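File shown: start_12.cif (mmCIF, C-alpha atoms and all ligand atoms).
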data_structure
#
loop_
_atom_site.group_PDB
_atom_site.id
_atom_site.type_symbol
_atom_site.label_atom_id
_atom_site.label_comp_id
_atom_site.auth_asym_id
_atom_site.auth_seq_id
_atom_site.Cartn_x
_atom_site.Cartn_y
_atom_site.Cartn_z
ATOM 1 C CA MET A 235 14.191 1.993 11.149
ATOM 2 C CA LEU A 236 12.927 2.200 7.603
ATOM 3 C CA ILE A 237 9.781 4.186 8.486
ATOM 4 C CA THR A 238 9.269 6.160 11.692
ATOM 5 C CA VAL A 239 5.982 7.925 12.326
ATOM 6 C CA GLN A 240 5.932 10.281 15.291
ATOM 7 C CA ASP A 241 2.843 11.919 16.860
ATOM 8 C CA ILE A 242 0.753 12.315 13.726
ATOM 9 C CA ASN A 243 -2.515 14.206 14.178
ATOM 10 C CA HIS A 244 -5.047 14.902 11.478
ATOM 11 C CA SER A 245 -8.536 16.390 11.391
ATOM 12 C CA PHE A 246 -11.038 16.959 8.607
ATOM 13 C CA LEU A 247 -13.236 20.017 8.388
ATOM 14 C CA ILE A 248 -16.767 18.826 7.705
ATOM 15 C CA GLY A 249 -20.199 20.382 7.379
ATOM 16 C CA ARG A 250 -21.654 23.436 5.651
ATOM 17 C CA LYS A 251 -19.856 26.706 5.280
ATOM 18 C CA GLY A 252 -20.174 28.765 8.426
ATOM 19 C CA LYS A 253 -21.153 25.662 10.403
ATOM 20 C CA GLU A 254 -18.029 23.590 9.895
ATOM 21 C CA SER A 255 -16.696 21.369 12.600
ATOM 22 C CA ASN A 256 -13.276 19.887 12.982
ATOM 23 C CA VAL A 257 -13.344 16.098 13.257
ATOM 24 C CA PRO A 258 -10.134 14.512 14.539
ATOM 25 C CA VAL A 259 -9.420 11.354 12.520
ATOM 26 C CA LEU A 260 -5.839 10.512 13.557
ATOM 27 C CA LYS A 261 -4.807 11.050 17.167
ATOM 28 C CA ASN A 262 -1.164 11.038 18.187
ATOM 29 C CA ILE A 263 -0.201 8.188 15.882
ATOM 30 C CA SER A 264 3.304 6.820 16.386
ATOM 31 C CA PHE A 265 4.711 3.621 14.942
ATOM 32 C CA SER A 266 7.658 2.256 13.069
ATOM 33 C CA VAL A 267 8.465 -0.263 10.369
ATOM 34 C CA LYS A 268 11.798 -2.058 10.043
ATOM 35 C CA GLN A 269 13.472 -2.890 6.758
ATOM 36 C CA GLY A 270 12.129 -6.243 5.509
ATOM 37 C CA GLU A 271 9.077 -6.393 7.774
ATOM 38 C CA ILE A 272 5.476 -7.051 6.838
ATOM 39 C CA VAL A 273 3.416 -4.761 9.063
ATOM 40 C CA SER A 274 -0.368 -4.686 9.075
ATOM 41 C CA ILE A 275 -2.756 -1.991 10.225
ATOM 42 C CA VAL A 276 -6.179 -3.415 10.988
ATOM 43 C CA GLY A 277 -9.337 -1.558 11.905
ATOM 44 C CA ARG A 278 -13.004 -1.111 11.140
ATOM 45 C CA SER A 279 -14.346 0.999 8.346
ATOM 46 C CA GLY A 280 -14.010 4.668 9.227
ATOM 47 C CA SER A 281 -11.313 4.147 11.851
ATOM 48 C CA GLY A 282 -8.764 6.201 9.884
ATOM 49 C CA LYS A 283 -6.650 3.590 8.060
ATOM 50 C CA SER A 284 -6.872 5.101 4.595
ATOM 51 C CA THR A 285 -6.200 8.574 5.937
ATOM 52 C CA LEU A 286 -3.045 7.277 7.595
ATOM 53 C CA LEU A 287 -1.951 5.572 4.377
ATOM 54 C CA HIS A 288 -2.532 8.785 2.401
ATOM 55 C CA ILE A 289 -0.404 10.680 4.895
ATOM 56 C CA LEU A 290 2.352 8.033 4.872
ATOM 57 C CA ALA A 291 2.513 8.113 1.081
ATOM 58 C CA GLY A 292 2.554 11.911 0.995
ATOM 59 C CA PHE A 293 -0.818 12.412 -0.715
ATOM 60 C CA LEU A 294 -2.036 14.285 2.355
ATOM 61 C CA LYS A 295 -0.228 16.543 4.823
ATOM 62 C CA PRO A 296 -0.705 15.805 8.528
ATOM 63 C CA ASP A 297 -1.803 18.674 10.802
ATOM 64 C CA SER A 298 1.163 17.845 13.015
ATOM 65 C CA GLY A 299 3.775 15.163 13.541
ATOM 66 C CA GLU A 300 6.700 13.801 11.607
ATOM 67 C CA ILE A 301 7.347 10.976 9.152
ATOM 68 C CA VAL A 302 10.876 9.798 8.462
ATOM 69 C CA VAL A 303 11.543 7.287 5.672
ATOM 70 C CA LYS A 304 15.070 6.076 4.929
ATOM 71 C CA ASP A 305 16.485 8.860 7.132
ATOM 72 C CA THR A 306 14.600 11.511 5.156
ATOM 73 C CA VAL A 307 11.894 13.653 6.744
ATOM 74 C CA THR A 308 9.114 13.197 4.185
ATOM 75 C CA SER A 309 6.358 15.033 6.057
ATOM 76 C CA VAL A 310 7.837 18.415 5.098
ATOM 77 C CA PHE A 311 7.900 17.649 1.351
ATOM 78 C CA ASN A 312 5.975 19.772 -1.124
ATOM 79 C CA GLU A 313 3.802 18.005 -3.717
ATOM 80 C CA GLN A 314 6.545 17.658 -6.273
ATOM 81 C CA GLN A 315 9.026 16.268 -3.761
ATOM 82 C CA SER A 316 6.385 13.814 -2.506
ATOM 83 C CA ALA A 317 5.646 12.641 -6.042
ATOM 84 C CA GLN A 318 9.334 12.097 -6.779
ATOM 85 C CA PHE A 319 9.904 10.244 -3.503
ATOM 86 C CA ARG A 320 6.871 8.017 -4.193
ATOM 87 C CA LEU A 321 8.158 7.171 -7.648
ATOM 88 C CA GLU A 322 11.511 6.058 -6.290
ATOM 89 C CA ASN A 323 10.466 4.361 -3.079
ATOM 90 C CA TYR A 324 6.853 3.189 -3.021
ATOM 91 C CA GLY A 325 4.707 0.705 -4.861
ATOM 92 C CA PHE A 326 0.941 0.534 -4.336
ATOM 93 C CA ILE A 327 -1.540 -2.335 -4.367
ATOM 94 C CA PHE A 328 -5.268 -1.629 -4.154
ATOM 95 C CA GLN A 329 -8.382 -3.663 -3.415
ATOM 96 C CA ASN A 330 -9.846 -3.064 -6.873
ATOM 97 C CA PHE A 331 -6.500 -3.625 -8.696
ATOM 98 C CA GLN A 332 -6.712 -0.357 -10.695
ATOM 99 C CA LEU A 333 -5.341 -1.894 -13.863
ATOM 100 C CA MET A 334 -5.612 -0.112 -17.212
ATOM 101 C CA PRO A 335 -8.417 -1.956 -19.055
ATOM 102 C CA GLY A 336 -7.027 -1.176 -22.519
ATOM 103 C CA LEU A 337 -3.598 -2.651 -21.806
ATOM 104 C CA THR A 338 -2.639 -6.336 -21.594
ATOM 105 C CA ALA A 339 -1.251 -7.820 -18.382
ATOM 106 C CA PHE A 340 2.259 -7.432 -19.818
ATOM 107 C CA GLU A 341 1.657 -3.802 -20.826
ATOM 108 C CA ASN A 342 0.173 -2.948 -17.423
ATOM 109 C CA VAL A 343 3.313 -4.211 -15.696
ATOM 110 C CA GLU A 344 5.524 -2.509 -18.278
ATOM 111 C CA LEU A 345 3.890 0.924 -17.948
ATOM 112 C CA PRO A 346 5.886 2.253 -14.942
ATOM 113 C CA LEU A 347 9.143 1.409 -16.771
ATOM 114 C CA LYS A 348 7.937 3.282 -19.856
ATOM 115 C CA LEU A 349 7.170 6.278 -17.659
ATOM 116 C CA LYS A 350 10.678 6.053 -16.256
ATOM 117 C CA GLY A 351 12.111 6.096 -19.788
ATOM 118 C CA MET A 352 13.661 2.613 -19.865
ATOM 119 C CA ASN A 353 14.330 1.295 -23.377
ATOM 120 C CA ARG A 354 12.135 -1.341 -24.970
ATOM 121 C CA HIS A 355 14.604 -4.187 -24.862
ATOM 122 C CA GLN A 356 15.406 -3.734 -21.166
ATOM 123 C CA ARG A 357 11.700 -3.355 -20.360
ATOM 124 C CA LYS A 358 10.828 -6.606 -22.088
ATOM 125 C CA ASP A 359 13.461 -8.610 -20.213
ATOM 126 C CA LYS A 360 12.556 -7.148 -16.849
ATOM 127 C CA VAL A 361 8.788 -7.553 -17.254
ATOM 128 C CA GLN A 362 9.094 -11.138 -18.495
ATOM 129 C CA GLN A 363 11.343 -12.111 -15.622
ATOM 130 C CA LEU A 364 8.984 -10.651 -13.022
ATOM 131 C CA MET A 365 5.847 -12.086 -14.623
ATOM 132 C CA LYS A 366 7.461 -15.494 -14.472
ATOM 133 C CA HIS A 367 8.320 -14.933 -10.801
ATOM 134 C CA VAL A 368 4.700 -14.120 -9.889
ATOM 135 C CA GLY A 369 3.256 -16.922 -12.063
ATOM 136 C CA LEU A 370 1.726 -14.849 -14.841
ATOM 137 C CA GLN A 371 3.714 -15.982 -17.850
ATOM 138 C CA SER A 372 0.850 -17.843 -19.493
ATOM 139 C CA VAL A 373 -1.579 -14.918 -19.286
ATOM 140 C CA GLN A 374 0.694 -12.026 -20.173
ATOM 141 C CA ASP A 375 -1.233 -11.173 -23.336
ATOM 142 C CA HIS A 376 -4.636 -11.202 -21.641
ATOM 143 C CA TYR A 377 -6.526 -8.013 -20.953
ATOM 144 C CA PRO A 378 -7.635 -7.406 -17.333
ATOM 145 C CA ASN A 379 -11.227 -8.476 -18.073
ATOM 146 C CA GLU A 380 -9.873 -11.816 -19.332
ATOM 147 C CA LEU A 381 -8.202 -12.537 -15.977
ATOM 148 C CA SER A 382 -9.521 -13.894 -12.680
ATOM 149 C CA GLY A 383 -9.503 -11.632 -9.609
ATOM 150 C CA GLY A 384 -6.427 -13.380 -8.245
ATOM 151 C CA GLN A 385 -4.595 -13.025 -11.564
ATOM 152 C CA GLN A 386 -5.529 -9.342 -11.735
ATOM 153 C CA GLN A 387 -4.134 -8.824 -8.245
ATOM 154 C CA ARG A 388 -0.919 -10.609 -9.291
ATOM 155 C CA VAL A 389 -0.635 -8.228 -12.234
ATOM 156 C CA SER A 390 -1.113 -5.257 -9.941
ATOM 157 C CA ILE A 391 1.495 -6.659 -7.534
ATOM 158 C CA ALA A 392 3.928 -7.111 -10.438
ATOM 159 C CA ARG A 393 3.225 -3.549 -11.568
ATOM 160 C CA ALA A 394 3.939 -2.285 -8.043
ATOM 161 C CA LEU A 395 7.231 -4.226 -7.976
ATOM 162 C CA ILE A 396 8.573 -3.573 -11.428
ATOM 163 C CA THR A 397 10.472 -0.410 -10.481
ATOM 164 C CA ASP A 398 12.071 -2.200 -7.476
ATOM 165 C CA PRO A 399 10.631 0.044 -4.750
ATOM 166 C CA PRO A 400 11.826 -0.859 -1.237
ATOM 167 C CA ILE A 401 8.343 -0.304 0.252
ATOM 168 C CA ILE A 402 4.917 -1.501 -0.889
ATOM 169 C CA PHE A 403 1.711 -0.048 0.555
ATOM 170 C CA ALA A 404 -1.216 -2.424 0.153
ATOM 171 C CA ASP A 405 -4.724 -1.100 0.811
ATOM 172 C CA GLU A 406 -7.108 -4.052 1.349
ATOM 173 C CA PRO A 407 -5.104 -6.196 -1.117
ATOM 174 C CA THR A 408 -7.383 -9.211 -0.664
ATOM 175 C CA GLY A 409 -10.627 -7.279 -0.134
ATOM 176 C CA SER A 410 -12.257 -8.414 -3.355
ATOM 177 C CA LEU A 411 -10.911 -11.975 -3.497
ATOM 178 C CA ASP A 412 -12.437 -15.270 -2.372
ATOM 179 C CA SER A 413 -10.721 -16.961 0.560
ATOM 180 C CA GLU A 414 -8.662 -19.400 -1.515
ATOM 181 C CA THR A 415 -7.345 -16.659 -3.799
ATOM 182 C CA GLU A 416 -6.769 -14.493 -0.744
ATOM 183 C CA GLN A 417 -4.402 -17.152 0.622
ATOM 184 C CA GLU A 418 -2.526 -17.286 -2.692
ATOM 185 C CA VAL A 419 -2.052 -13.525 -2.777
ATOM 186 C CA LEU A 420 -0.917 -13.448 0.868
ATOM 187 C CA GLU A 421 1.561 -16.238 0.104
ATOM 188 C CA LEU A 422 2.865 -14.277 -2.875
ATOM 189 C CA ILE A 423 3.382 -11.228 -0.649
ATOM 190 C CA GLN A 424 5.244 -13.431 1.837
ATOM 191 C CA THR A 425 7.430 -14.901 -0.928
ATOM 192 C CA LEU A 426 8.278 -11.472 -2.335
ATOM 193 C CA ASN A 427 9.123 -10.298 1.164
ATOM 194 C CA ASP A 428 11.434 -13.297 1.647
ATOM 195 C CA THR A 429 13.098 -13.330 -1.777
ATOM 196 C CA ARG A 430 13.326 -9.632 -2.570
ATOM 197 C CA ASP A 431 13.467 -8.158 0.950
ATOM 198 C CA ILE A 432 10.564 -5.835 0.176
ATOM 199 C CA THR A 433 8.878 -4.146 3.120
ATOM 200 C CA PHE A 434 5.072 -4.291 3.114
ATOM 201 C CA VAL A 435 2.572 -2.109 4.973
ATOM 202 C CA ILE A 436 -0.828 -3.776 4.644
ATOM 203 C CA ILE A 437 -4.079 -2.028 5.531
ATOM 204 C CA THR A 438 -7.040 -4.290 6.172
ATOM 205 C CA HIS A 439 -10.314 -4.621 8.070
ATOM 206 C CA ASP A 440 -9.753 -8.395 8.297
ATOM 207 C CA ASP A 441 -8.089 -9.727 11.449
ATOM 208 C CA GLU A 442 -7.053 -12.987 9.760
ATOM 209 C CA VAL A 443 -5.218 -11.103 7.014
ATOM 210 C CA ALA A 444 -3.641 -8.763 9.566
ATOM 211 C CA GLN A 445 -2.387 -11.655 11.669
ATOM 212 C CA ARG A 446 -0.343 -12.992 8.756
ATOM 213 C CA ALA A 447 2.018 -10.029 9.178
ATOM 214 C CA ASP A 448 5.230 -9.969 11.237
ATOM 215 C CA ARG A 449 3.722 -7.202 13.354
ATOM 216 C CA MET A 450 0.228 -5.806 13.605
ATOM 217 C CA TYR A 451 -1.222 -2.501 14.712
ATOM 218 C CA ARG A 452 -4.891 -1.888 15.448
ATOM 219 C CA MET A 453 -6.587 1.380 14.545
ATOM 220 C CA HIS A 454 -9.583 2.262 16.658
ATOM 221 C CA ASP A 455 -11.240 5.674 16.334
ATOM 222 C CA GLY A 456 -8.007 7.250 15.158
ATOM 223 C CA ILE A 457 -5.826 5.718 17.867
ATOM 224 C CA LEU A 458 -3.191 3.170 16.906
ATOM 225 C CA THR A 459 -1.909 0.451 19.230
ATOM 226 C CA GLU A 460 0.358 -2.511 18.612
ATOM 227 C CA GLU A 461 -0.963 -6.030 19.163
ATOM 228 C CA GLY A 462 0.819 -9.355 19.216
ATOM 229 C CA VAL A 463 0.485 -11.752 16.288
ATOM 230 C CA PRO A 464 0.437 -15.556 16.516
ATOM 231 C CA ASN A 465 3.456 -16.138 14.252
ATOM 232 C CA ALA A 466 5.706 -13.528 15.867
ATOM 233 C CA VAL A 467 9.265 -14.694 16.432
HETATM 234 N N1 LIG B 501 -11.750 14.084 2.774
HETATM 235 C C1 LIG B 501 -12.446 13.888 3.906
HETATM 236 N N2 LIG B 501 -13.199 14.872 4.436
HETATM 237 C C2 LIG B 501 -13.877 14.688 5.586
HETATM 238 N N3 LIG B 501 -13.864 13.560 6.300
HETATM 239 C C3 LIG B 501 -13.131 12.536 5.823
HETATM 240 C C4 LIG B 501 -12.386 12.638 4.609
HETATM 241 N N4 LIG B 501 -11.749 11.461 4.401
HETATM 242 C C5 LIG B 501 -12.092 10.660 5.427
HETATM 243 N N5 LIG B 501 -12.917 11.304 6.280
HETATM 244 C C6 LIG B 501 -13.461 10.749 7.550
HETATM 245 O O1 LIG B 501 -12.382 10.279 8.317
HETATM 246 C C7 LIG B 501 -12.721 9.066 8.992
HETATM 247 C C8 LIG B 501 -11.686 7.995 8.659
HETATM 248 O O2 LIG B 501 -11.796 7.653 7.283
HETATM 249 P P1 LIG B 501 -10.817 6.604 6.575
HETATM 250 O O3 LIG B 501 -11.218 6.529 5.136
HETATM 251 O O4 LIG B 501 -9.425 6.977 6.887
HETATM 252 O O5 LIG B 501 -11.193 5.264 7.341
HETATM 253 P P2 LIG B 501 -10.838 3.756 6.974
HETATM 254 O O6 LIG B 501 -10.496 3.108 8.260
HETATM 255 O O7 LIG B 501 -9.845 3.717 5.896
HETATM 256 O O8 LIG B 501 -12.207 3.212 6.421
HETATM 257 P P3 LIG B 501 -12.484 2.176 5.191
HETATM 258 O O9 LIG B 501 -11.964 0.850 5.664
HETATM 259 O O10 LIG B 501 -13.970 2.218 5.064
HETATM 260 O O11 LIG B 501 -11.769 2.719 3.995
HETATM 261 C C9 LIG B 501 -14.149 8.735 8.570
HETATM 262 O O12 LIG B 501 -15.010 9.138 9.582
HETATM 263 C C10 LIG B 501 -14.346 9.531 7.321
HETATM 264 O O13 LIG B 501 -15.685 9.899 7.176
#
As structure tokens - that is how I would like this structure written.
Amino acid sequence: MLITVQDINHSFLIGRKGKESNVPVLKNISFSVKQGEIVSIVGRSGSGKSTLLHILAGFLKPDSGEIVVKDTVTSVFNEQQSAQFRLENYGFIFQNFQLMPGLTAFENVELPLKLKGMNRHQRKDKVQQLMKHVGLQSVQDHYPNELSGGQQQRVSIARALITDPPIIFADEPTGSLDSETEQEVLELIQTLNDTRDITFVIITHDDEVAQRADRMYRMHDGILTEEGVPNAV
């Protein structure tokens, strides 16, 4: 298994000081993701999906339970260890793209390589190759506000991929796209999964998006259960 999540529990303390109450948000969550799978987690707003993603990615510590990624227990990491592990292993795609408005499409994709200290020549080759792969060659000098929603999401996907992480976490990746563009982005994810063997964990409130995955889990009031998908082999 690439990712194994075992008995995760998490609560938030809410309310005024002295009158706080503990609200359980994740209840005994266990699931696993195999290398090369696309796994979706679907559920209504407030069901706990984002909290689970934050815990998986190490932004938040669970109250109890264990997460193992690539044979490493990540749930015991301190902040610095989590940050390092994220840098080496995870890419992120968000609903609202989170591109840097002052950088061109090319520069947005290039940024993670700059942060890693790769030299300019190598960066240029790598970024150009990937932008071609995701169909962005003709718009590489455009700023985010000169791109369509679908193009912006392609840029953010390229940015997530540029450091070759084995795992991509996508939080509502098609949430702000029209249905045609949504299909294009889902097809791109499928292609990248096929050609580069990248594992995707997709969080969504949309059943149709979730059913495009190899396997699908449903989150309901903090409880996660696996459901069959139509295209399962
Ligand atoms: N930092 C926090 N402090 C207190 N409660 C929180 C906090 N973050 C989330 N919650 C609560 O935890 C529950 C689950 O929230 P979460 O954001 O994980 O749901 P979600 O399924 O991702 O929803 P959405 O699709 O709207 O993002 C909600 O009831 C929310 O109010």
Worksheet entry | Protein and nucleic residues near ligand LIG 501 (chain B), 9 Å, only C-alpha atoms and all ligand atoms, as a PyMOL selection string | chain A and resi 245-249+257-260+276-288+405-406+437-439+453-456
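Between A:His244 and the residues A:Lys295, A:Arg449, A:Arg388, A:Arg393, the shortest atom-to-atom distance, using only C-alpha atoms, involves A:Lys295.
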At a cut-off of 7 Å, using only C-alpha atoms, what residues contact A:Asp375? Leave out same-chain residues fewer than 6 positions from it and give the result as a short mmCIF file (atom, residue, chain, number, x, y, z; two decimals) with C-alpha atoms, keeping the file's coordinate frame.
data_model
loop_
_atom_site.label_atom_id
_atom_site.label_comp_id
_atom_site.auth_asym_id
_atom_site.auth_seq_id
_atom_site.Cartn_x
_atom_site.Cartn_y
_atom_site.Cartn_z
CA THR A 338 -2.64 -6.34 -21.59
CA ALA A 339 -1.25 -7.82 -18.38
CA PHE A 340 2.26 -7.43 -19.82
#
Discussion item. Which residues, named as in the file, does the PyMOL selection byres (((chain A and resi 307) around 12) and not hetatm) pick out? Answer as a ChimeraX atom specification.
Written reply: /A:236-240,290,292,299-306,308-312,315-316,319
How about saving the chosen residues, C-alpha atoms kept, as a JSON list (two decimals), in the frame of the given file?
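Once everything was written out, this is out_33.json:
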[["chain", "number", "residue", "atom", "x", "y", "z"],
["A", 236, "LEU", "CA", 12.93, 2.20, 7.60],
["A", 237, "ILE", "CA", 9.78, 4.19, 8.49],
["A", 238, "THR", "CA", 9.27, 6.16, 11.69],
["A", 239, "VAL", "CA", 5.98, 7.92, 12.33],
["A", 240, "GLN", "CA", 5.93, 10.28, 15.29],
["A", 290, "LEU", "CA", 2.35, 8.03, 4.87],
["A", 292, "GLY", "CA", 2.55, 11.91, 1.00],
["A", 299, "GLY", "CA", 3.78, 15.16, 13.54],
["A", 300, "GLU", "CA", 6.70, 13.80, 11.61],
["A", 301, "ILE", "CA", 7.35, 10.98, 9.15],
["A", 302, "VAL", "CA", 10.88, 9.80, 8.46],
["A", 303, "VAL", "CA", 11.54, 7.29, 5.67],
["A", 304, "LYS", "CA", 15.07, 6.08, 4.93],
["A", 305, "ASP", "CA", 16.48, 8.86, 7.13],
["A", 306, "THR", "CA", 14.60, 11.51, 5.16],
["A", 308, "THR", "CA", 9.11, 13.20, 4.18],
["A", 309, "SER", "CA", 6.36, 15.03, 6.06],
["A", 310, "VAL", "CA", 7.84, 18.42, 5.10],
["A", 311, "PHE", "CA", 7.90, 17.65, 1.35],
["A", 312, "ASN", "CA", 5.98, 19.77, -1.12],
["A", 315, "GLN", "CA", 9.03, 16.27, -3.76],
["A", 316, "SER", "CA", 6.38, 13.81, -2.51],
["A", 319, "PHE", "CA", 9.90, 10.24, -3.50]]
Discussion item. My list of candidates is A:Asp359, A:Ala317, A:Ile289, A:Lys251. Which is closest to A:Ile263 when distances are computed with all atoms listed in the file?
Written reply: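 For A:Ile263, the nearest of the candidates is A:Ile289.
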Completion of stretch 440-456 of chain A up to N, CA and C atoms, as a short mmCIF file (atom, residue, chain, number, x, y, z; two decimals), keeping the file's coordinate frame:
data_model
loop_
_atom_site.label_atom_id
_atom_site.label_comp_id
_atom_site.auth_asym_id
_atom_site.auth_seq_id
_atom_site.Cartn_x
_atom_site.Cartn_y
_atom_site.Cartn_z
N ASP A 440 -9.61 -6.96 8.03
CA ASP A 440 -9.75 -8.40 8.30
C ASP A 440 -8.65 -8.87 9.26
N ASP A 441 -9.06 -9.29 10.44
CA ASP A 441 -8.09 -9.73 11.45
C ASP A 441 -7.21 -10.89 10.97
N GLU A 442 -7.83 -11.83 10.22
CA GLU A 442 -7.05 -12.99 9.76
C GLU A 442 -5.93 -12.57 8.82
N VAL A 443 -6.24 -11.62 7.93
CA VAL A 443 -5.22 -11.10 7.01
C VAL A 443 -4.14 -10.38 7.82
N ALA A 444 -4.58 -9.56 8.77
CA ALA A 444 -3.64 -8.76 9.57
C ALA A 444 -2.69 -9.64 10.36
N GLN A 445 -3.22 -10.78 10.83
CA GLN A 445 -2.39 -11.66 11.67
C GLN A 445 -1.33 -12.42 10.89
N ARG A 446 -1.39 -12.35 9.57
CA ARG A 446 -0.34 -12.99 8.76
C ARG A 446 0.94 -12.15 8.73
N ALA A 447 0.86 -10.93 9.22
CA ALA A 447 2.02 -10.03 9.18
C ALA A 447 3.03 -10.39 10.26
N ASP A 448 4.23 -9.80 10.17
CA ASP A 448 5.23 -9.97 11.24
C ASP A 448 4.81 -9.20 12.49
N ARG A 449 4.24 -8.01 12.24
CA ARG A 449 3.72 -7.20 13.35
C ARG A 449 2.41 -6.56 12.92
N MET A 450 1.58 -6.28 13.91
CA MET A 450 0.23 -5.81 13.60
C MET A 450 -0.13 -4.64 14.53
N TYR A 451 -0.70 -3.63 13.93
CA TYR A 451 -1.22 -2.50 14.71
C TYR A 451 -2.73 -2.44 14.51
N ARG A 452 -3.44 -2.05 15.57
CA ARG A 452 -4.89 -1.89 15.45
C ARG A 452 -5.26 -0.41 15.51
N MET A 453 -6.08 0.01 14.56
CA MET A 453 -6.59 1.38 14.54
C MET A 453 -8.00 1.38 15.09
N HIS A 454 -8.24 2.18 16.10
CA HIS A 454 -9.58 2.26 16.66
C HIS A 454 -9.89 3.73 16.91
N ASP A 455 -10.88 4.26 16.19
CA ASP A 455 -11.24 5.67 16.33
C ASP A 455 -10.03 6.60 16.28
N GLY A 456 -9.14 6.34 15.36
CA GLY A 456 -8.01 7.25 15.16
C GLY A 456 -6.84 7.05 16.10
#
